[in-house]
file my_file.cif (mmCIF, C-alpha atoms)
data_input
loop_
_atom_site.label_atom_id
_atom_site.label_comp_id
_atom_site.auth_asym_id
_atom_site.auth_seq_id
_atom_site.Cartn_x
_atom_site.Cartn_y
_atom_site.Cartn_z
CA MET A 229 -0.59 7.05 -24.79
CA SER A 230 -1.94 5.64 -21.53
CA LYS A 231 -2.08 1.90 -21.00
CA LYS A 232 -5.14 1.88 -18.75
CA PRO A 233 -6.45 -1.65 -18.32
CA LYS A 234 -10.00 -2.48 -19.27
CA ARG A 235 -11.50 -4.62 -16.52
CA THR A 236 -14.17 -7.13 -17.44
CA LYS A 237 -15.70 -9.31 -14.73
CA GLN A 238 -16.73 -12.78 -15.83
CA PRO A 239 -20.48 -13.19 -15.30
CA LYS A 240 -21.80 -16.22 -13.40
CA ASN A 241 -24.11 -17.18 -16.30
CA GLY A 242 -21.20 -18.68 -18.25
CA LYS A 243 -21.48 -16.32 -21.21
CA GLN A 244 -18.49 -14.42 -22.50
CA PRO A 245 -18.63 -10.72 -21.66
CA ALA A 246 -18.80 -8.34 -24.59
CA GLY A 247 -15.33 -7.68 -25.95
CA ALA A 248 -13.81 -10.61 -24.07
CA GLY A 249 -12.00 -11.76 -27.17
CA GLY A 250 -13.16 -15.35 -26.94
CA THR A 251 -9.66 -16.81 -26.77
CA PRO A 252 -9.31 -20.53 -26.05
CA ALA A 253 -8.22 -19.54 -22.52
CA THR A 254 -11.34 -17.48 -21.80
CA VAL A 255 -13.53 -20.17 -23.37
CA ALA A 256 -11.92 -22.81 -21.11
CA LEU A 257 -12.48 -20.62 -18.04
CA THR A 258 -16.10 -19.96 -18.98
CA GLU A 259 -16.79 -23.64 -19.63
CA ALA A 260 -15.25 -24.53 -16.25
CA GLY A 261 -17.45 -21.96 -14.50
CA VAL A 262 -14.45 -20.29 -12.88
CA ASP A 263 -14.58 -16.68 -11.66
CA PHE A 264 -12.05 -14.55 -13.50
CA THR A 265 -11.42 -10.98 -14.53
CA LEU A 266 -10.08 -9.95 -17.91
CA HIS A 267 -7.64 -7.07 -18.15
CA ALA A 268 -7.01 -5.61 -21.59
CA TYR A 269 -4.32 -3.06 -22.26
CA GLU A 270 -2.63 -1.55 -25.28
CA HIS A 271 0.36 -3.76 -26.07
CA ASP A 272 3.55 -2.00 -27.17
CA PRO A 273 5.33 -4.16 -29.78
CA ALA A 274 8.63 -2.58 -28.69
CA ALA A 275 8.23 -3.70 -25.04
CA ALA A 276 11.33 -5.51 -23.79
CA SER A 277 9.30 -7.86 -21.56
CA TYR A 278 5.68 -8.83 -22.20
CA GLY A 279 5.16 -9.78 -18.57
CA GLU A 280 6.66 -6.65 -17.07
CA GLU A 281 4.64 -4.60 -19.55
CA ALA A 282 1.48 -6.36 -18.32
CA ALA A 283 2.33 -5.77 -14.64
CA GLU A 284 2.94 -2.08 -15.28
CA ALA A 285 -0.21 -1.67 -17.37
CA LEU A 286 -2.33 -3.42 -14.74
CA GLY A 287 -0.72 -1.59 -11.84
CA VAL A 288 0.13 -4.81 -9.97
CA SER A 289 3.34 -6.26 -8.60
CA PRO A 290 5.41 -8.29 -11.09
CA ASP A 291 5.32 -11.05 -8.43
CA GLN A 292 1.58 -11.42 -9.08
CA VAL A 293 1.84 -11.61 -12.89
CA PHE A 294 2.99 -14.98 -14.20
CA LYS A 295 4.54 -15.81 -17.55
CA THR A 296 4.03 -19.06 -19.40
CA LEU A 297 7.20 -20.68 -20.70
CA LEU A 298 7.67 -23.92 -22.57
CA ALA A 299 10.63 -26.17 -21.99
CA GLU A 300 11.59 -29.66 -23.01
CA VAL A 301 12.06 -31.99 -20.07
CA ASP A 302 13.78 -35.18 -21.24
CA GLY A 303 12.44 -34.39 -24.72
CA ALA A 304 8.80 -33.78 -23.71
CA LEU A 305 7.27 -30.31 -23.92
CA THR A 306 6.43 -29.02 -20.46
CA VAL A 307 4.71 -25.80 -19.41
CA ALA A 308 6.33 -23.70 -16.67
CA VAL A 309 4.37 -20.83 -15.10
CA VAL A 310 6.60 -18.43 -13.16
CA PRO A 311 6.41 -14.82 -11.93
CA VAL A 312 7.54 -12.22 -14.47
CA SER A 313 9.79 -10.80 -11.75
CA GLY A 314 12.07 -13.82 -11.97
CA SER A 315 13.31 -16.48 -14.33
CA LEU A 316 12.82 -20.20 -14.76
CA ASP A 317 15.20 -22.56 -12.98
CA LEU A 318 15.54 -25.36 -15.53
CA LYS A 319 17.08 -27.82 -13.05
CA ALA A 320 14.20 -27.27 -10.63
CA LEU A 321 11.68 -27.68 -13.47
CA ALA A 322 13.26 -30.98 -14.53
CA ALA A 323 13.11 -32.26 -10.96
CA ALA A 324 9.49 -31.13 -10.49
CA ALA A 325 8.49 -32.82 -13.74
CA GLY A 326 10.25 -36.05 -12.77
CA GLY A 327 12.96 -35.64 -15.38
CA LYS A 328 16.71 -35.25 -15.53
CA ARG A 329 17.33 -32.48 -18.08
CA ALA A 330 15.40 -29.42 -19.16
CA ALA A 331 16.03 -26.86 -21.89
CA MET A 332 13.92 -24.06 -23.26
CA ALA A 333 11.69 -25.22 -26.11
CA ASP A 334 12.00 -23.92 -29.64
CA PRO A 335 9.57 -20.96 -29.92
CA ALA A 336 8.02 -22.36 -33.10
CA ALA A 337 7.36 -25.70 -31.37
CA ALA A 338 5.81 -23.85 -28.42
CA GLU A 339 3.49 -21.92 -30.73
CA ARG A 340 2.50 -25.05 -32.69
CA SER A 341 1.80 -27.08 -29.57
CA THR A 342 -0.17 -24.42 -27.67
CA GLY A 343 -1.94 -22.66 -30.52
CA TYR A 344 -0.79 -19.29 -29.16
CA VAL A 345 1.82 -16.79 -30.33
CA ARG A 346 4.93 -16.00 -28.30
CA GLY A 347 4.14 -13.30 -25.78
CA GLY A 348 0.52 -14.45 -25.66
CA ILE A 349 0.90 -18.08 -24.60
CA SER A 350 -1.60 -18.90 -21.89
CA PRO A 351 -1.36 -21.91 -19.62
CA LEU A 352 -5.12 -22.29 -20.19
CA GLY A 353 -6.93 -23.56 -23.28
CA GLN A 354 -3.86 -24.89 -25.03
CA ARG A 355 -4.30 -26.92 -28.20
CA LYS A 356 -2.63 -29.93 -26.57
CA ARG A 357 -2.63 -30.58 -22.80
CA LEU A 358 0.95 -30.61 -21.60
CA ARG A 359 2.44 -31.37 -18.21
CA THR A 360 2.36 -28.08 -16.30
CA VAL A 361 4.37 -26.87 -13.31
CA LEU A 362 3.24 -23.73 -11.47
CA ASP A 363 5.74 -21.91 -9.28
CA ALA A 364 4.84 -22.33 -5.60
CA SER A 365 4.99 -18.55 -5.07
CA ALA A 366 1.56 -18.32 -6.74
CA ALA A 367 -0.02 -19.76 -3.59
CA VAL A 368 0.81 -16.64 -1.52
CA HIS A 369 -1.46 -14.46 -3.68
CA GLU A 370 -5.24 -14.23 -3.53
CA THR A 371 -5.23 -13.89 -7.33
CA VAL A 372 -2.63 -14.11 -10.07
CA CYS A 373 -2.60 -12.86 -13.64
CA VAL A 374 -1.61 -14.95 -16.66
CA SER A 375 -1.93 -14.38 -20.38
CA ALA A 376 -5.47 -14.78 -21.65
CA GLY A 377 -4.17 -15.96 -25.00
CA ARG A 378 -3.02 -12.85 -26.82
CA ARG A 379 -0.67 -9.96 -26.25
CA GLY A 380 -2.40 -7.18 -24.34
CA LEU A 381 -4.95 -9.44 -22.62
CA GLU A 382 -4.45 -10.91 -19.14
CA VAL A 383 -6.77 -13.02 -17.03
CA GLU A 384 -6.85 -12.75 -13.25
CA LEU A 385 -7.95 -15.79 -11.26
CA SER A 386 -7.20 -17.63 -8.05
CA PRO A 387 -4.00 -19.69 -8.01
CA ALA A 388 -6.03 -22.70 -6.87
CA ASP A 389 -8.28 -22.44 -9.95
CA LEU A 390 -5.23 -22.05 -12.20
CA GLN A 391 -3.63 -25.12 -10.66
CA THR A 392 -6.82 -27.17 -10.95
CA LEU A 393 -7.61 -26.21 -14.55
CA THR A 394 -4.08 -26.88 -15.78
CA GLU A 395 -3.61 -29.95 -13.56
CA ALA A 396 -0.36 -28.29 -12.52
CA THR A 397 2.22 -29.51 -10.07
CA LEU A 398 3.10 -26.80 -7.54
CA ALA A 399 6.89 -26.50 -7.08
CA ASP A 400 9.67 -23.96 -6.51
CA ILE A 401 10.81 -23.48 -10.13
CA ALA A 402 11.57 -19.73 -10.23
CA ARG A 403 14.77 -17.84 -9.51
CA ALA A 404 14.82 -14.23 -8.41
#

call {"tool": "encode", "arguments": {"input": "my_file.cif", "output": "structure tokens"}}
result
Amino acid sequence: MSKKPKRTKQPKNGKQPAGAGGTPATVALTEAGVDFTLHAYEHDPAAASYGEEAAEALGVSPDQVFKTLLAEVDGALTVAVVPVSGSLDLKALAAAAGGKRAAMADPAAAERSTGYVRGGISPLGQRKRLRTVLDASAAVHETVCVSAGRRGLEVELSPADLQTLTEATLADIARA
């Protein structure tokens, strides 16, 4: 079965487009008045990588699709947003967040804190605002894609808007 993305342009009037899903991420974007495009695709539960699945379904480079990971930096949950083509450098994340040690967060704690399920965690519209670090490679793209808050739904927006809305620090936190 084809995984053709459904493209939905966010209208300027601030209303959710029909079928937008109304996730906390899309609500946050709408309330902020940010231009974004939703991309829906049929999620395969057997996919080895949610992010790579999204890049393939959307027909974009994995360098332009970013995954949202949660780590603990000196015991505090921290959001890391990195390209799906790479992995998170925990030492670099700790340094960017002003800490000494970082470790991946327990998935259950990540879900509780963000209000999203694993594979659908968005850096936007999280239940609790957490310190966020966005990989500096985002700045080379006109737009980037991140989860819109559920598996099979991505939101495309400018890296500057993503950084502003999440109050993210921009730093080199990804490894190839």

call {"tool": "residues_around", "arguments": {"input": "my_file.cif", "residues": "Leu381 in chain A", "least_positions_apart": "2", "cutoff": "10 Å", "atoms": "all atoms listed in the file", "output": "list in words"}}
result
Pro233, Lys234, Ala248, Gly249, Thr251, Leu266, His267, Ala268, Tyr269, Glu270, His271, Ala282, Gly348, Cys373, Val374, Ser375, Ala376, Gly377, Arg378, Arg379 and Val383 of chain A

call {"tool": "resolve_selection", "arguments": {"input": "my_file.cif", "expression": "the PyMOL selection byres ((chain A and resi 384-398) around 10)", "output": "number ranges by chain"}}
result
A: 235, 237, 256-257, 260, 262-267, 292-293, 307-309, 324-325, 351-354, 357-376, 382-383, 399-401

call {"tool": "resolve_selection", "arguments": {"input": "my_file.cif", "expression": "the PyMOL selection byres ((chain A and resi 280) around 10)", "output": "list in words"}}
result
Ala275, Ala276, Ser277, Tyr278, Gly279, Glu281, Ala282, Ala283, Glu284, Ala285, Leu286, Val288, Ser289, Pro290, Asp291, Val293, Phe294, Lys295, Pro311, Val312 and Ser313 of chain A

call {"tool": "atom_distance", "arguments": {"input": "my_file.cif", "atom1": "CA of Ala323 in chain A", "atom2": "CA of Pro252 in chain A"}}
result
29.5 Å

call {"tool": "residues_around", "arguments": {"input": "my_file.cif", "residues": "Ala331 in chain A", "least_positions_apart": "5", "cutoff": "7 Å", "atoms": "all atoms listed in the file", "output": "PyMOL selection string"}}
result
chain A and resi 299-301+318

call {"tool": "atom_distance", "arguments": {"input": "my_file.cif", "atom1": "CA of Gly347 in chain A", "atom2": "CA of Arg329 in chain A"}}
result
24.5 Å

call {"tool": "atom_distance", "arguments": {"input": "my_file.cif", "atom1": "CA of Ala338 in chain A", "atom2": "CA of Gly261 in chain A"}}
result
27.2 Å

call {"tool": "closest_residue", "arguments": {"input": "my_file.cif", "among": "A:Pro273, A:Lys356, A:Asp334, A:Gly287", "to": "Gly303 in chain A", "atoms": "all atoms listed in the file"}}
result
A:Asp334

call {"tool": "closest_residue", "arguments": {"input": "my_file.cif", "among": "A:Thr296, A:Ala320, A:Thr258, A:Lys328", "to": "Ser350 in chain A", "atoms": "all atoms listed in the file"}}
result
A:Thr296

call {"tool": "closest_residue", "arguments": {"input": "my_file.cif", "among": "A:Val255, A:Ala304, A:Ala402, A:Leu298", "to": "Thr342 in chain A", "atoms": "only C-alpha atoms"}}
result
A:Leu298

call {"tool": "closest_residue", "arguments": {"input": "my_file.cif", "among": "A:Gly314, A:Lys319, A:Thr306, A:Arg403", "to": "Ala337 in chain A", "atoms": "only C-alpha atoms"}}
result
A:Thr306

call {"tool": "decode", "arguments": {"input": "my_file.cif", "residues": "range 272-284 of chain A", "atoms": "all heavy atoms", "output": "PDB file, in the first residue's frame"}}
result
ATOM      1  N   ASP A 272       3.344   2.469   9.495  1.00  0.00           N
ATOM      2  CA  ASP A 272       3.512   1.024   9.557  1.00  0.00           C
ATOM      3  C   ASP A 272       4.027   0.657  10.943  1.00  0.00           C
ATOM      4  O   ASP A 272       5.164   1.008  11.284  1.00  0.00           O
ATOM      5  CB  ASP A 272       4.503   0.568   8.488  1.00  0.00           C
ATOM      6  CG  ASP A 272       4.774  -0.924   8.512  1.00  0.00           C
ATOM      7  OD1 ASP A 272       4.185  -1.651   9.350  1.00  0.00           O
ATOM      8  OD2 ASP A 272       5.589  -1.371   7.677  1.00  0.00           O
ATOM      9  N   PRO A 273       3.216  -0.028  11.773  1.00  0.00           N
ATOM     10  CA  PRO A 273       3.667  -0.374  13.118  1.00  0.00           C
ATOM     11  C   PRO A 273       4.945  -1.211  13.152  1.00  0.00           C
ATOM     12  O   PRO A 273       5.636  -1.245  14.163  1.00  0.00           O
ATOM     13  CB  PRO A 273       2.493  -1.167  13.704  1.00  0.00           C
ATOM     14  CG  PRO A 273       1.322  -0.822  12.856  1.00  0.00           C
ATOM     15  CD  PRO A 273       1.861  -0.476  11.505  1.00  0.00           C
ATOM     16  N   ALA A 274       5.293  -1.846  12.043  1.00  0.00           N
ATOM     17  CA  ALA A 274       6.500  -2.667  11.992  1.00  0.00           C
ATOM     18  C   ALA A 274       7.733  -1.869  11.558  1.00  0.00           C
ATOM     19  O   ALA A 274       8.820  -2.432  11.462  1.00  0.00           O
ATOM     20  CB  ALA A 274       6.287  -3.838  11.026  1.00  0.00           C
ATOM     21  N   ALA A 275       7.581  -0.578  11.304  1.00  0.00           N
ATOM     22  CA  ALA A 275       8.714   0.241  10.844  1.00  0.00           C
ATOM     23  C   ALA A 275       9.824   0.233  11.889  1.00  0.00           C
ATOM     24  O   ALA A 275       9.574   0.392  13.081  1.00  0.00           O
ATOM     25  CB  ALA A 275       8.254   1.668  10.582  1.00  0.00           C
ATOM     26  N   ALA A 276      11.055   0.060  11.424  1.00  0.00           N
ATOM     27  CA  ALA A 276      12.206   0.005  12.326  1.00  0.00           C
ATOM     28  C   ALA A 276      12.530   1.377  12.910  1.00  0.00           C
ATOM     29  O   ALA A 276      13.001   1.481  14.032  1.00  0.00           O
ATOM     30  CB  ALA A 276      13.420  -0.542  11.576  1.00  0.00           C
ATOM     31  N   SER A 277      12.277   2.439  12.144  1.00  0.00           N
ATOM     32  CA  SER A 277      12.570   3.801  12.583  1.00  0.00           C
ATOM     33  C   SER A 277      11.411   4.709  12.194  1.00  0.00           C
ATOM     34  O   SER A 277      11.114   4.853  11.009  1.00  0.00           O
ATOM     35  CB  SER A 277      13.858   4.306  11.928  1.00  0.00           C
ATOM     36  OG  SER A 277      13.984   5.698  12.075  1.00  0.00           O
ATOM     37  N   TYR A 278      10.778   5.317  13.183  1.00  0.00           N
ATOM     38  CA  TYR A 278       9.655   6.221  12.898  1.00  0.00           C
ATOM     39  C   TYR A 278      10.101   7.384  12.026  1.00  0.00           C
ATOM     40  O   TYR A 278       9.419   7.778  11.091  1.00  0.00           O
ATOM     41  CB  TYR A 278       9.053   6.765  14.199  1.00  0.00           C
ATOM     42  CG  TYR A 278       8.456   5.721  15.111  1.00  0.00           C
ATOM     43  CD1 TYR A 278       8.943   5.558  16.400  1.00  0.00           C
ATOM     44  CD2 TYR A 278       7.411   4.913  14.694  1.00  0.00           C
ATOM     45  CE1 TYR A 278       8.405   4.604  17.253  1.00  0.00           C
ATOM     46  CE2 TYR A 278       6.871   3.961  15.537  1.00  0.00           C
ATOM     47  CZ  TYR A 278       7.357   3.807  16.819  1.00  0.00           C
ATOM     48  OH  TYR A 278       6.822   2.864  17.650  1.00  0.00           O
ATOM     49  N   GLY A 279      11.257   7.949  12.331  1.00  0.00           N
ATOM     50  CA  GLY A 279      11.745   9.106  11.598  1.00  0.00           C
ATOM     51  C   GLY A 279      12.097   8.796  10.154  1.00  0.00           C
ATOM     52  O   GLY A 279      11.767   9.553   9.240  1.00  0.00           O
ATOM     53  N   GLU A 280      12.801   7.686   9.946  1.00  0.00           N
ATOM     54  CA  GLU A 280      13.146   7.303   8.581  1.00  0.00           C
ATOM     55  C   GLU A 280      11.902   6.944   7.789  1.00  0.00           C
ATOM     56  O   GLU A 280      11.817   7.220   6.590  1.00  0.00           O
ATOM     57  CB  GLU A 280      14.164   6.169   8.591  1.00  0.00           C
ATOM     58  CG  GLU A 280      15.533   6.647   9.050  1.00  0.00           C
ATOM     59  CD  GLU A 280      16.570   5.551   9.132  1.00  0.00           C
ATOM     60  OE1 GLU A 280      16.322   4.431   8.634  1.00  0.00           O
ATOM     61  OE2 GLU A 280      17.650   5.827   9.690  1.00  0.00           O
ATOM     62  N   GLU A 281      10.921   6.338   8.454  1.00  0.00           N
ATOM     63  CA  GLU A 281       9.650   6.049   7.802  1.00  0.00           C
ATOM     64  C   GLU A 281       8.993   7.348   7.344  1.00  0.00           C
ATOM     65  O   GLU A 281       8.498   7.445   6.221  1.00  0.00           O
ATOM     66  CB  GLU A 281       8.712   5.294   8.761  1.00  0.00           C
ATOM     67  CG  GLU A 281       7.335   5.055   8.171  1.00  0.00           C
ATOM     68  CD  GLU A 281       6.307   4.586   9.179  1.00  0.00           C
ATOM     69  OE1 GLU A 281       6.359   5.007  10.356  1.00  0.00           O
ATOM     70  OE2 GLU A 281       5.425   3.808   8.773  1.00  0.00           O
ATOM     71  N   ALA A 282       9.015   8.367   8.194  1.00  0.00           N
ATOM     72  CA  ALA A 282       8.412   9.665   7.858  1.00  0.00           C
ATOM     73  C   ALA A 282       9.133  10.295   6.670  1.00  0.00           C
ATOM     74  O   ALA A 282       8.491  10.783   5.736  1.00  0.00           O
ATOM     75  CB  ALA A 282       8.442  10.593   9.062  1.00  0.00           C
ATOM     76  N   ALA A 283      10.457  10.293   6.682  1.00  0.00           N
ATOM     77  CA  ALA A 283      11.234  10.887   5.586  1.00  0.00           C
ATOM     78  C   ALA A 283      10.902  10.204   4.267  1.00  0.00           C
ATOM     79  O   ALA A 283      10.677  10.873   3.251  1.00  0.00           O
ATOM     80  CB  ALA A 283      12.728  10.793   5.880  1.00  0.00           C
ATOM     81  N   GLU A 284      10.845   8.882   4.290  1.00  0.00           N
ATOM     82  CA  GLU A 284      10.528   8.136   3.071  1.00  0.00           C
ATOM     83  C   GLU A 284       9.109   8.435   2.601  1.00  0.00           C
ATOM     84  O   GLU A 284       8.878   8.682   1.420  1.00  0.00           O
ATOM     85  CB  GLU A 284      10.686   6.634   3.327  1.00  0.00           C
ATOM     86  CG  GLU A 284      10.462   5.795   2.092  1.00  0.00           C
ATOM     87  CD  GLU A 284      10.644   4.310   2.372  1.00  0.00           C
ATOM     88  OE1 GLU A 284      11.590   3.949   3.101  1.00  0.00           O
ATOM     89  OE2 GLU A 284       9.835   3.522   1.850  1.00  0.00           O
TER      90      GLU A 284
END
